[in-house]
file entry_0.txt (compact mmCIF, C-alpha atoms and all ligand atoms)
# COMPACT_ATOMS: atom_id res chain seq x y z
CA MET U 149 139.19 133.63 73.39
CA SER U 150 140.56 136.96 74.49
CA GLY U 151 138.73 140.00 75.87
CA ASN U 152 140.64 142.70 74.03
CA PHE U 153 138.61 144.39 71.26
CA SER U 154 141.13 144.23 68.43
CA ASP U 155 142.09 140.69 69.48
CA ILE U 156 138.44 139.69 69.41
CA ARG U 157 137.94 141.14 65.95
CA GLU U 158 141.09 139.46 64.68
CA GLN U 159 140.15 136.08 66.13
CA ILE U 160 136.64 136.29 64.69
CA ARG U 161 138.00 137.21 61.27
CA ALA U 162 140.33 134.21 61.43
CA LEU U 163 137.44 131.90 62.41
CA CYS U 164 135.20 133.30 59.66
CA ALA U 165 137.90 132.83 57.03
CA GLY U 166 137.14 129.11 57.34
CA PHE U 167 133.56 129.77 56.19
CA PRO U 168 133.79 131.53 52.85
CA GLY U 169 130.97 132.56 50.51
CA ALA U 170 130.80 129.09 48.93
CA TYR U 171 129.95 127.59 52.34
CA TRP U 172 127.06 130.01 52.88
CA ARG U 173 125.80 129.68 49.31
CA GLU U 174 125.62 125.92 49.67
CA HIS U 175 123.60 126.10 52.91
CA ASP U 176 121.46 128.90 51.48
CA ARG U 177 120.60 126.86 48.38
CA ALA U 178 119.80 123.72 50.38
CA ARG U 179 118.20 125.69 53.23
CA THR U 180 120.31 123.73 55.69
CA TYR U 181 121.60 124.87 59.05
CA PRO U 182 125.23 126.06 59.09
CA ARG U 183 126.03 123.68 61.92
CA GLU U 184 129.81 123.67 61.35
CA PHE U 185 129.93 127.45 61.73
CA VAL U 186 127.79 127.41 64.87
CA ASP U 187 129.95 124.59 66.29
CA ALA U 188 133.08 126.63 65.64
CA LEU U 189 131.62 129.65 67.44
CA THR U 190 130.50 127.44 70.32
CA THR U 191 133.82 125.61 70.65
CA GLY U 192 135.66 128.92 70.61
CA GLY U 193 133.54 130.05 73.55
CA TRP U 194 132.19 133.03 71.58
CA LEU U 195 128.52 132.33 72.19
CA ALA U 196 129.18 132.19 75.94
CA CYS U 197 130.90 135.55 76.06
CA LEU U 198 128.12 137.18 78.12
CA ILE U 199 127.85 134.32 80.62
CA PRO U 200 129.69 135.27 83.85
CA GLU U 201 132.92 133.45 84.63
CA ALA U 202 131.30 131.94 87.73
CA TYR U 203 129.08 129.92 85.37
CA GLY U 204 131.84 128.96 82.97
CA GLY U 205 131.48 131.79 80.45
CA SER U 206 133.98 134.52 79.75
CA GLY U 207 132.04 137.29 81.48
CA LEU U 208 132.65 139.88 78.80
CA GLY U 209 130.46 142.93 78.24
CA LEU U 210 127.94 143.73 75.57
CA ARG U 211 130.49 145.90 73.78
CA GLU U 212 132.69 142.87 73.22
CA ALA U 213 129.66 140.79 72.20
CA ALA U 214 128.72 143.51 69.71
CA ALA U 215 132.24 143.45 68.28
CA ILE U 216 131.91 139.68 67.77
CA MET U 217 128.58 139.96 65.95
CA GLU U 218 129.68 142.92 63.85
CA GLU U 219 132.84 141.15 62.75
CA ILE U 220 130.96 137.97 61.83
CA GLN U 221 128.69 139.93 59.51
CA ALA U 222 131.50 142.08 58.12
CA SER U 223 133.28 138.83 57.20
CA GLY U 224 130.31 137.78 55.06
CA CYS U 225 129.07 135.14 57.52
CA ASN U 226 125.63 135.05 59.10
CA GLY U 227 125.44 135.31 62.88
CA ALA U 228 121.67 134.85 62.79
CA ALA U 229 122.33 131.13 62.92
CA ALA U 230 123.42 131.50 66.52
CA HIS U 231 123.05 135.04 67.85
CA ALA U 232 120.10 134.30 70.17
CA GLN U 233 122.25 132.09 72.37
CA MET U 234 124.23 135.15 73.41
CA TYR U 235 121.32 137.18 74.73
CA THR U 236 118.53 134.69 75.47
CA MET U 237 120.49 133.26 78.39
CA GLY U 238 120.23 136.76 79.99
CA THR U 239 116.65 135.94 81.00
CA ILE U 240 117.87 132.94 83.01
CA LEU U 241 120.85 134.89 84.36
CA ARG U 242 118.84 137.89 85.55
CA HIS U 243 115.58 136.26 86.58
CA GLY U 244 116.23 132.54 87.00
CA SER U 245 116.55 130.74 90.34
CA ASP U 246 119.96 129.66 91.62
CA ALA U 247 119.05 126.08 90.72
CA GLN U 248 118.21 127.10 87.14
CA LYS U 249 121.38 129.16 86.79
CA THR U 250 123.65 126.43 88.10
CA SER U 251 122.02 123.69 86.10
CA TYR U 252 121.72 125.49 82.72
CA LEU U 253 124.35 128.23 82.39
CA PRO U 254 127.51 126.09 82.80
CA GLU U 255 126.10 123.56 80.32
CA ILE U 256 125.32 126.32 77.82
CA ALA U 257 128.76 127.86 78.36
CA ALA U 258 130.43 124.49 77.78
CA GLY U 259 128.50 124.06 74.53
CA ARG U 260 126.70 120.95 75.78
CA LEU U 261 123.30 122.63 75.80
CA ARG U 262 121.90 124.87 73.08
CA LEU U 263 119.56 127.71 74.04
CA GLN U 264 118.86 129.10 70.61
CA ALA U 265 115.07 129.34 70.53
CA PHE U 266 112.60 131.74 72.05
CA GLY U 267 108.90 131.53 71.40
CA VAL U 268 107.18 134.88 71.77
CA THR U 269 105.45 135.69 68.47
CA GLU U 270 102.14 134.02 67.69
CA PRO U 271 100.17 133.86 64.45
CA GLU U 272 97.27 135.95 65.76
CA SER U 273 99.00 138.39 68.10
CA GLY U 274 102.01 139.34 65.92
CA THR U 275 103.57 142.53 67.23
CA ASP U 276 100.91 142.84 69.93
CA THR U 277 102.65 140.46 72.35
CA LEU U 278 100.26 141.15 75.20
CA SER U 279 97.40 139.53 73.31
CA LEU U 280 99.19 136.21 72.83
CA ARG U 281 96.97 133.19 73.39
CA THR U 282 99.26 130.33 74.38
CA ARG U 283 98.00 129.28 77.77
CA ALA U 284 99.84 127.60 80.67
CA VAL U 285 97.65 126.20 83.46
CA ARG U 286 99.12 124.96 86.74
CA ASP U 287 98.47 121.28 87.43
CA GLY U 288 100.26 120.13 90.61
CA ASP U 289 103.99 120.37 90.08
CA HIS U 290 103.57 120.97 86.33
CA TYR U 291 102.01 123.45 83.94
CA ILE U 292 99.94 122.22 81.03
CA VAL U 293 100.59 124.37 77.97
CA ASN U 294 98.45 124.71 74.86
CA GLY U 295 98.81 127.10 71.93
CA SER U 296 101.09 127.85 69.03
CA LYS U 297 104.04 130.04 68.13
CA VAL U 298 105.26 131.28 64.79
CA TRP U 299 108.68 132.42 63.58
CA THR U 300 110.38 130.47 66.35
CA SER U 301 113.82 130.54 64.83
CA ARG U 302 116.32 127.69 65.33
CA ALA U 303 113.76 125.59 67.24
CA GLU U 304 114.96 122.53 65.35
CA HIS U 305 118.54 123.27 66.33
CA SER U 306 118.09 124.03 69.99
CA ASP U 307 117.85 121.89 73.10
CA LEU U 308 115.96 124.50 75.07
CA MET U 309 113.35 127.09 74.24
CA LEU U 310 112.25 130.08 76.29
CA LEU U 311 108.49 130.18 76.03
CA LEU U 312 106.19 133.10 76.85
CA ALA U 313 102.69 131.98 77.78
CA ARG U 314 99.65 133.42 79.51
CA THR U 315 99.14 132.10 83.05
CA THR U 316 96.34 134.48 84.07
CA ALA U 317 93.48 135.39 81.76
CA ARG U 318 93.87 138.93 80.45
CA GLU U 319 90.70 140.14 82.16
CA ASP U 320 91.81 138.72 85.54
CA ALA U 321 95.41 140.03 85.43
CA PRO U 322 96.25 142.87 87.85
CA SER U 323 97.52 145.02 84.94
CA ARG U 324 97.75 144.79 81.15
CA THR U 325 101.41 143.78 81.29
CA GLU U 326 100.95 141.09 83.94
CA GLY U 327 99.64 137.56 83.58
CA LEU U 328 102.33 136.27 81.20
CA SER U 329 105.08 133.90 82.33
CA VAL U 330 108.35 132.61 80.92
CA PHE U 331 109.21 128.91 80.93
CA ILE U 332 112.26 126.91 80.00
CA VAL U 333 111.05 124.14 77.71
CA ASP U 334 113.34 121.18 77.15
CA LEU U 335 112.75 120.52 73.46
CA ARG U 336 114.64 117.22 73.59
CA GLU U 337 111.93 115.80 75.85
CA ALA U 338 109.02 117.79 74.47
CA ARG U 339 109.26 117.04 70.75
CA GLY U 340 106.64 114.44 69.93
CA LYS U 341 105.26 114.77 73.47
CA GLY U 342 103.31 117.99 73.21
CA ILE U 343 105.52 119.94 70.80
CA GLU U 344 105.54 119.70 67.04
CA ILE U 345 107.95 121.85 65.06
CA ARG U 346 107.32 122.70 61.42
CA PRO U 347 109.84 124.72 59.36
CA ILE U 348 108.58 127.77 57.44
CA PRO U 349 110.08 128.15 53.97
CA THR U 350 111.33 131.76 53.72
CA MET U 351 113.35 134.01 51.41
CA ILE U 352 116.40 133.57 53.64
CA ASN U 353 118.07 130.57 55.24
CA HIS U 354 116.96 131.32 58.79
CA ALA U 355 115.73 127.98 60.18
CA THR U 356 112.56 129.59 61.42
CA CYS U 357 109.56 127.48 62.41
CA GLU U 358 106.02 127.13 63.58
CA VAL U 359 105.70 125.45 66.95
CA PHE U 360 102.47 123.69 67.87
CA ILE U 361 101.91 123.04 71.56
CA ASP U 362 99.35 120.47 72.59
CA ASN U 363 98.98 119.55 76.27
CA LEU U 364 102.69 119.98 76.87
CA ARG U 365 103.68 119.23 80.47
CA VAL U 366 106.32 121.65 81.72
CA PRO U 367 107.70 121.14 85.25
CA ALA U 368 106.77 124.06 87.53
CA ALA U 369 110.48 124.19 88.40
CA ASN U 370 111.03 125.49 84.84
CA LEU U 371 109.07 128.68 85.47
CA ILE U 372 111.49 131.60 85.38
CA GLY U 373 111.08 134.11 88.20
CA GLU U 374 107.58 134.91 89.38
CA GLU U 375 104.44 133.72 87.68
CA GLY U 376 102.75 136.56 85.79
CA LYS U 377 105.86 138.75 85.45
CA GLY U 378 107.17 137.20 82.24
CA PHE U 379 106.49 140.12 79.95
CA ARG U 380 108.81 142.31 82.02
CA TYR U 381 111.52 139.63 81.93
CA ILE U 382 111.28 139.42 78.14
CA LEU U 383 111.33 143.22 77.80
CA ASP U 384 114.41 143.27 80.02
CA GLY U 385 116.32 141.20 77.50
CA MET U 386 115.29 143.28 74.54
CA ASN U 387 117.84 146.04 74.92
CA ALA U 388 120.69 143.55 74.64
CA GLU U 389 119.01 141.94 71.63
CA ARG U 390 118.50 145.28 69.88
CA ILE U 391 122.07 146.38 70.46
CA LEU U 392 123.51 143.10 69.19
CA ILE U 393 121.27 143.08 66.12
CA GLY U 394 122.32 146.71 65.55
CA ALA U 395 125.95 145.57 65.64
CA GLU U 396 125.17 142.84 63.10
CA CYS U 397 123.63 145.47 60.82
CA ILE U 398 126.79 147.57 61.12
CA GLY U 399 128.83 144.52 60.10
CA ASP U 400 126.54 143.93 57.13
CA ALA U 401 126.82 147.58 56.08
CA ARG U 402 130.61 147.34 56.26
CA TRP U 403 130.54 144.24 54.07
CA PHE U 404 128.29 145.90 51.47
CA VAL U 405 130.34 149.11 51.38
CA ALA U 406 133.60 147.17 51.03
CA ARG U 407 132.21 144.94 48.29
CA ALA U 408 130.69 147.87 46.41
CA GLY U 409 133.94 149.85 46.70
CA ASP U 410 136.11 146.97 45.46
CA TYR U 411 133.81 146.28 42.55
CA ALA U 412 133.54 149.97 41.61
CA LYS U 413 137.34 150.16 41.47
CA THR U 414 137.80 147.14 39.23
CA ARG U 415 134.76 146.94 36.94
CA LYS U 416 135.52 148.85 33.74
CA VAL U 417 132.76 150.16 31.49
CA PHE U 418 133.24 152.95 28.91
CA ASN U 419 136.98 152.29 29.31
CA ARG U 420 137.15 153.42 32.93
CA PRO U 421 136.30 152.02 36.34
CA ILE U 422 132.63 152.56 37.12
CA GLY U 423 133.76 154.02 40.47
CA GLN U 424 135.22 156.98 38.61
CA ASN U 425 131.66 158.18 38.05
CA GLN U 426 130.37 160.24 40.92
CA GLY U 427 126.93 158.75 40.28
CA VAL U 428 128.46 155.46 41.45
CA GLN U 429 130.77 156.92 44.12
CA PHE U 430 128.32 159.05 46.00
CA PRO U 431 125.82 156.37 47.06
CA ILE U 432 128.75 154.30 48.39
CA ALA U 433 130.13 157.29 50.27
CA ARG U 434 126.68 158.05 51.67
CA ALA U 435 126.18 154.43 52.77
CA TYR U 436 129.56 154.60 54.52
CA ALA U 437 128.60 157.84 56.32
CA GLN U 438 125.28 156.35 57.46
CA MET U 439 127.03 153.21 58.69
CA ARG U 440 129.55 155.25 60.72
CA ALA U 441 126.82 157.37 62.30
CA ALA U 442 124.73 154.34 63.23
CA ALA U 443 127.81 152.60 64.64
CA LEU U 444 128.25 155.47 67.11
CA MET U 445 124.73 154.87 68.42
CA VAL U 446 125.35 151.12 68.72
CA GLU U 447 128.55 151.80 70.67
CA ARG U 448 126.82 154.35 72.89
CA ALA U 449 123.95 151.97 73.65
CA ALA U 450 126.34 149.10 74.43
CA ALA U 451 128.45 151.32 76.71
CA LEU U 452 125.36 152.42 78.67
CA PHE U 453 124.20 148.81 78.91
CA ASP U 454 127.59 147.69 80.25
CA ALA U 455 127.58 150.54 82.76
CA GLY U 456 124.21 149.32 84.04
CA GLU U 457 122.51 152.55 82.98
CA ARG U 458 119.16 153.03 81.27
CA CYS U 459 119.59 152.47 77.56
CA GLY U 460 116.10 151.86 76.14
CA GLU U 461 116.19 154.93 73.93
CA GLU U 462 119.72 154.29 72.66
CA ALA U 463 119.14 150.55 72.12
CA ASN U 464 116.04 151.26 70.03
CA LEU U 465 117.74 154.05 68.07
CA ALA U 466 120.76 151.83 67.48
CA LYS U 467 118.62 149.07 66.01
CA LEU U 468 116.61 151.51 63.90
CA LEU U 469 119.57 153.45 62.49
CA ALA U 470 121.79 150.42 61.96
CA SER U 471 119.08 148.44 60.15
CA GLU U 472 118.43 151.42 57.89
CA ALA U 473 122.15 151.91 57.27
CA SER U 474 122.64 148.27 56.34
CA TRP U 475 119.62 148.32 54.04
CA GLU U 476 120.88 151.50 52.32
CA ALA U 477 124.29 149.86 51.91
CA ALA U 478 122.70 146.65 50.60
CA ASP U 479 120.73 148.49 47.96
CA THR U 480 123.77 150.55 46.98
CA CYS U 481 125.88 147.41 46.65
CA MET U 482 123.24 145.74 44.45
CA GLN U 483 123.10 148.84 42.25
CA THR U 484 126.89 149.06 42.01
CA PHE U 485 127.15 145.45 40.89
CA GLY U 486 124.63 145.99 38.08
CA GLY U 487 123.38 142.68 36.72
CA TYR U 488 126.08 140.75 38.57
CA GLY U 489 124.47 141.73 41.86
CA PHE U 490 121.81 139.15 41.00
CA ALA U 491 124.31 136.35 40.40
CA GLU U 492 124.68 134.01 43.39
CA GLU U 493 128.45 133.74 43.09
CA PHE U 494 129.09 137.28 44.40
CA ASP U 495 127.03 136.74 47.59
CA VAL U 496 125.49 140.20 47.22
CA GLU U 497 121.98 138.93 46.53
CA ARG U 498 122.17 136.55 49.52
CA LYS U 499 123.39 139.23 51.91
CA PHE U 500 120.80 141.63 50.42
CA ARG U 501 118.00 139.19 51.30
CA GLU U 502 119.45 138.55 54.75
CA ALA U 503 119.94 142.24 55.56
CA ARG U 504 116.30 143.03 54.81
CA LEU U 505 115.13 140.99 57.78
CA TYR U 506 116.31 143.50 60.34
CA ARG U 507 113.83 146.15 59.30
CA THR U 508 111.11 143.68 60.33
CA ALA U 509 112.52 141.47 63.08
CA PRO U 510 113.09 141.12 65.95
CA ILE U 511 111.09 144.33 66.05
CA SER U 512 109.83 146.27 63.10
CA THR U 513 110.78 149.84 62.34
CA ASN U 514 107.29 151.15 63.08
CA MET U 515 107.36 149.77 66.59
CA ILE U 516 110.65 151.51 67.32
CA LEU U 517 109.33 154.80 65.95
CA SER U 518 106.26 154.34 68.10
CA TYR U 519 108.48 153.76 71.17
CA VAL U 520 110.51 156.89 70.42
CA ALA U 521 107.41 158.99 69.77
CA GLU U 522 105.63 157.90 72.94
CA HIS U 523 108.37 157.20 75.48
CA VAL U 524 111.08 159.61 74.40
CA LEU U 525 109.12 162.50 72.90
CA GLY U 526 106.03 162.20 75.07
CA LEU U 527 103.54 162.04 72.19
CA PRO U 528 100.13 160.50 72.92
CA ARG U 529 99.94 156.71 73.17
CA SER U 530 98.67 155.23 69.92
CA TYR U 531 97.94 151.58 70.85
C1 LIG M 601 112.80 135.38 59.82
C2 LIG M 601 112.11 135.75 61.08
C3 LIG M 601 112.60 135.27 62.29
C4 LIG M 601 111.95 135.56 63.48
N1 LIG M 601 112.38 134.99 64.66
C5 LIG M 601 111.60 135.08 65.77
C6 LIG M 601 111.91 134.32 66.94
O1 LIG M 601 112.91 133.60 67.01
N2 LIG M 601 111.06 134.38 68.00
C7 LIG M 601 109.94 135.17 67.97
O2 LIG M 601 109.20 135.18 68.97
N3 LIG M 601 109.62 135.93 66.89
C8 LIG M 601 110.43 135.89 65.78
N4 LIG M 601 110.10 136.62 64.65
C9 LIG M 601 108.88 137.42 64.66
C10 LIG M 601 109.10 138.89 64.50
O3 LIG M 601 109.54 139.43 65.70
C11 LIG M 601 107.75 139.43 64.01
O4 LIG M 601 107.58 139.03 62.66
C12 LIG M 601 107.68 140.87 64.08
O5 LIG M 601 107.72 141.25 65.43
C13 LIG M 601 106.36 141.39 63.47
O6 LIG M 601 105.24 140.60 63.80
P1 LIG M 601 104.27 140.12 62.62
O7 LIG M 601 105.08 139.46 61.60
O8 LIG M 601 103.12 139.34 63.17
O9 LIG M 601 103.71 141.48 62.02
P2 LIG M 601 102.37 142.24 62.40
O10 LIG M 601 102.28 142.44 63.87
O11 LIG M 601 101.23 141.57 61.72
O12 LIG M 601 102.64 143.64 61.72
C14 LIG M 601 102.65 143.81 60.29
C15 LIG M 601 103.12 145.20 59.96
O13 LIG M 601 102.24 146.17 60.54
C16 LIG M 601 102.96 147.07 61.35
N5 LIG M 601 102.13 147.45 62.50
C17 LIG M 601 101.37 146.65 63.30
N6 LIG M 601 100.75 147.37 64.25
C18 LIG M 601 101.13 148.66 64.07
C19 LIG M 601 100.86 149.89 64.74
N7 LIG M 601 100.06 149.94 65.81
N8 LIG M 601 101.43 151.02 64.26
C20 LIG M 601 102.23 151.00 63.18
N9 LIG M 601 102.56 149.87 62.51
C21 LIG M 601 102.00 148.71 62.94
C22 LIG M 601 104.20 146.30 61.81
O14 LIG M 601 105.24 147.18 62.16
C23 LIG M 601 104.51 145.48 60.55
O15 LIG M 601 105.27 146.27 59.66
C24 LIG M 601 110.80 136.39 63.45
C25 LIG M 601 110.32 136.91 62.24
C26 LIG M 601 110.97 136.59 61.06
C27 LIG M 601 110.41 137.13 59.77
call {"tool": "encode", "arguments": {"input": "entry_0.txt", "output": "structure tokens"}}
result
Amino acid sequence: MSGNFSDIREQIRALCAGFPGAYWREHDRARTYPREFVDALTTGGWLACLIPEAYGGSGLGLREAAAIMEEIQASGCNGAAAHAQMYTMGTILRHGSDAQKTSYLPEIAAGRLRLQAFGVTEPESGTDTLSLRTRAVRDGDHYIVNGSKVWTSRAEHSDLMLLLARTTAREDAPSRTEGLSVFIVDLREARGKGIEIRPIPTMINHATCEVFIDNLRVPAANLIGEEGKGFRYILDGMNAERILIGAECIGDARWFVARAGDYAKTRKVFNRPIGQNQGVQFPIARAYAQMRAAALMVERAAALFDAGERCGEEANLAKLLASEASWEAADTCMQTFGGYGFAEEFDVERKFREARLYRTAPISTNMILSYVAEHVLGLPRSY
């Protein structure tokens, strides 16, 4: 792989050309994991783009990673099958011990180890991460973990999972954000020995699961960083996640706008292309304008991130604006296609379902607005 932006986009487009709509429709219908696509991304080194060269990755920046994700979506593919591997490793990179970095990162970079799963959300706590109940109790050189996670995506297709669990009872923790810890769980060893994974049928093909944890023994050596500081480590990784998801939304919006435009030019009703009607043109033009505006915020956030500057505001705004732009474009594309938007063969209904996710996950729109209101505008704390 090459580090030049237009090269990257070109190479990704070439890779994605091997995975046309029919490929995605088949996996979507059967709700099967697009393994061949993920393998191609892994073999090409794309998922290791953020891993430093010293650990076998290509050491590119978040701007390049964003270009990769955007181009995947703009090509009609679905990066959600693999995107977490790009940013989840950041927790190990930034907060892991030297031993953890040298044992995991080169293996991940080489594609021999998959780090696709992270277990944060729980059935009871939902958005309120600090009230999660999964408990890890130290027992000699191990921790014993009990609890459950929900919406743990790709758990069935990952060798490792980052797990957030409470190590100090909430009432005994020094502050409300302390007392949670992050662990690397080796799912290959843990499945059937303390971990049970159950897929959740959903409206999209997302390989998302419930994870039940029953007396799981995790080596203490798998604790990342300091015990009790895990919430901060997870928060640290969220800017990268938001920016990359924002880039995916931009790619989706591009796909919808392009599809809607092509269809509007060729579909003839009343003896003229439907796109000749301004009632059809304007929503497409508006979706394009919203996509371009949101893309600027994604680029700005990624540039700040790469420069090592604070980017919480921009990362959140990027995710918010891009997910709204892609949803607007999705709805416009559906409307432009008329009844055919509902037919599987055009891929519009599939992409429409997939695009909707990003207004809810990995963080819902309300939570971003709440962040902006409280932390950017200084409004009173609401929860
Ligand atoms: C397909 C899919 C994949 C996912 N993958 C993962 C994953 O890999 N790992 C992981 O850990 N999690 C994952 N998630 C979880 C996702 O991050 C959560 O669904 C999301 O954060 C919301 O949590 P919840 O579903 O429990 O909603 P709830 O917390 O129950 O919230 C429901 C609604 O109420 C709103 N709300 C709640 N409190 C407030 C408030 N104080 N003010 C205003 N609005 C509020 C929320 O914004 C939301 O719209 C995934 C979810 C989905 C659907």
call {"tool": "closest_atom_pairs", "arguments": {"input": "entry_0.txt", "of": "chain U", "to": "ligand LIG 601 (chain M)", "cutoff": "9 Å", "atoms": "all atoms listed in the file", "output": "tab-separated table"}}
result
residue	atom	partner	partner_atom	distance
U:Ala232	CA	M:LIG601	O1	7.9
U:Gln264	CA	M:LIG601	O1	8.3
U:Ala265	CA	M:LIG601	O1	5.9
U:Phe266	CA	M:LIG601	N2	5.1
U:Gly267	CA	M:LIG601	O2	4.4
U:Val268	CA	M:LIG601	O2	3.5
U:Thr269	CA	M:LIG601	O2	3.8
U:Glu270	CA	M:LIG601	O8	7.0
U:Pro271	CA	M:LIG601	O8	6.4
U:Glu272	CA	M:LIG601	O8	7.2
U:Ser273	CA	M:LIG601	O8	6.5
U:Gly274	CA	M:LIG601	O8	3.0
U:Thr275	CA	M:LIG601	O10	3.6
U:Asp276	CA	M:LIG601	O10	6.2
U:Thr277	CA	M:LIG601	O5	8.6
U:Lys297	CA	M:LIG601	O2	7.3
U:Val298	CA	M:LIG601	N3	6.7
U:Trp299	CA	M:LIG601	C8	4.5
U:Thr300	CA	M:LIG601	O1	4.1
U:Ser301	CA	M:LIG601	O1	3.9
U:Arg302	CA	M:LIG601	O1	7.0
U:Ala303	CA	M:LIG601	O1	8.1
U:Leu311	CA	M:LIG601	O2	8.7
U:Leu312	CA	M:LIG601	O2	8.7
U:Thr350	CA	M:LIG601	C1	7.2
U:Met351	CA	M:LIG601	C1	8.5
U:Ile352	CA	M:LIG601	C1	7.4
U:Asn353	CA	M:LIG601	C1	8.5
U:His354	CA	M:LIG601	C1	5.9
U:Ala355	CA	M:LIG601	C1	8.0
U:Thr356	CA	M:LIG601	C3	5.7
U:Cys357	CA	M:LIG601	N1	8.3
U:Glu502	CA	M:LIG601	C1	8.9
U:Leu505	CA	M:LIG601	C1	6.4
U:Tyr506	CA	M:LIG601	C27	8.7
U:Arg507	CA	M:LIG601	O15	8.6
U:Thr508	CA	M:LIG601	C12	5.8
U:Ala509	CA	M:LIG601	O3	4.5
U:Pro510	CA	M:LIG601	O3	3.9
U:Ile511	CA	M:LIG601	O5	4.6
U:Ser512	CA	M:LIG601	O14	4.8
U:Thr513	CA	M:LIG601	O14	6.1
U:Asn514	CA	M:LIG601	O14	4.6
U:Met515	CA	M:LIG601	O14	5.6
U:Ile516	CA	M:LIG601	O14	8.6
U:Leu517	CA	M:LIG601	C20	8.5
U:Ser518	CA	M:LIG601	N8	7.0
U:Ser530	CA	M:LIG601	N7	6.8
U:Tyr531	CA	M:LIG601	N7	5.7
call {"tool": "residues_around", "arguments": {"input": "entry_0.txt", "residues": "region 221-223 of chain U", "least_positions_apart": "5", "cutoff": "6 Å", "atoms": "only C-alpha atoms", "output": "number ranges by chain"}}
result
U: 396, 399-400, 402-403
call {"tool": "write_last_selection", "arguments": {"input": "entry_0.txt", "atoms": "C-alpha atoms", "output": "PDB file, in the frame of the given file"}}
result
ATOM      1  CA  GLU U 396     125.170 142.840  63.100  1.00  0.00           C
ATOM      2  CA  GLY U 399     128.830 144.520  60.100  1.00  0.00           C
ATOM      3  CA  ASP U 400     126.540 143.930  57.130  1.00  0.00           C
ATOM      4  CA  ARG U 402     130.610 147.340  56.260  1.00  0.00           C
ATOM      5  CA  TRP U 403     130.540 144.240  54.070  1.00  0.00           C
TER       6      TRP U 403
END
call {"tool": "closest_residue", "arguments": {"input": "entry_0.txt", "among": "U:Ala451, U:Ala165, U:Met482, U:Leu469", "to": "Tyr411 (chain U)", "atoms": "only C-alpha atoms"}}
result
U:Met482
call {"tool": "atom_distance", "arguments": {"input": "entry_0.txt", "atom1": "CA of Glu337 (chain U)", "atom2": "CA of Thr239 (chain U)"}}
result
21.3 Å
call {"tool": "closest_residue", "arguments": {"input": "entry_0.txt", "among": "U:Met445, U:Pro528, U:Glu304, U:Glu492", "to": "Ala170 (chain U)", "atoms": "all atoms listed in the file"}}
result
U:Glu492
call {"tool": "closest_atom_pairs", "arguments": {"input": "entry_0.txt", "of": "region 375-489 of chain U", "to": "region 178-200 of chain U", "cutoff": "12 Å", "atoms": "all atoms listed in the file", "output": "CSV"}}
result
residue,atom,partner,partner_atom,distance
U:Ala388,CA,U:Leu198,CA,10.4
U:Leu392,CA,U:Leu198,CA,11.7
U:Asp454,CA,U:Leu198,CA,10.7
call {"tool": "closest_residue", "arguments": {"input": "entry_0.txt", "among": "U:Gly209, U:Pro421, U:Gly409, U:Gly378", "to": "Ala455 (chain U)", "atoms": "all atoms listed in the file"}}
result
U:Gly209
call {"tool": "closest_residue", "arguments": {"input": "entry_0.txt", "among": "U:Trp475, U:Tyr291, U:Tyr519, U:Phe490", "to": "Ala503 (chain U)", "atoms": "all atoms listed in the file"}}
result
U:Trp475
call {"tool": "atom_distance", "arguments": {"input": "entry_0.txt", "atom1": "CA of Glu374 (chain U)", "atom2": "CA of Asp289 (chain U)"}}
result
15.0 Å
call {"tool": "atom_distance", "arguments": {"input": "entry_0.txt", "atom1": "CA of Ile160 (chain U)", "atom2": "CA of Ile220 (chain U)"}}
result
6.6 Å
call {"tool": "closest_residue", "arguments": {"input": "entry_0.txt", "among": "U:Gly259, U:Gly238, U:Gly394, U:Gly244", "to": "Glu462 (chain U)", "atoms": "all atoms listed in the file"}}
result
U:Gly394
call {"tool": "decode", "arguments": {"input": "entry_0.txt", "residues": "region 388-395 of chain U", "atoms": "N, CA and C atoms", "output": "short mmCIF file (atom, residue, chain, number, x, y, z; two decimals), in the first residue's frame"}}
result
data_model
loop_
_atom_site.label_atom_id
_atom_site.label_comp_id
_atom_site.auth_asym_id
_atom_site.auth_seq_id
_atom_site.Cartn_x
_atom_site.Cartn_y
_atom_site.Cartn_z
N ALA U 388 -10.68 9.15 17.52
CA ALA U 388 -10.30 8.46 16.27
C ALA U 388 -11.50 7.72 15.70
N GLU U 389 -12.24 7.05 16.58
CA GLU U 389 -13.41 6.29 16.13
C GLU U 389 -14.43 7.22 15.48
N ARG U 390 -14.70 8.34 16.14
CA ARG U 390 -15.72 9.27 15.61
C ARG U 390 -15.31 9.83 14.26
N ILE U 391 -14.03 10.14 14.13
CA ILE U 391 -13.56 10.73 12.86
C ILE U 391 -13.66 9.69 11.74
N LEU U 392 -13.26 8.45 12.05
CA LEU U 392 -13.31 7.42 11.01
C LEU U 392 -14.75 7.07 10.64
N ILE U 393 -15.63 7.02 11.62
CA ILE U 393 -17.04 6.75 11.30
C ILE U 393 -17.59 7.92 10.48
N GLY U 394 -17.18 9.15 10.85
CA GLY U 394 -17.59 10.33 10.07
C GLY U 394 -17.16 10.17 8.61
N ALA U 395 -15.93 9.70 8.41
CA ALA U 395 -15.43 9.51 7.04
C ALA U 395 -16.25 8.45 6.31
#
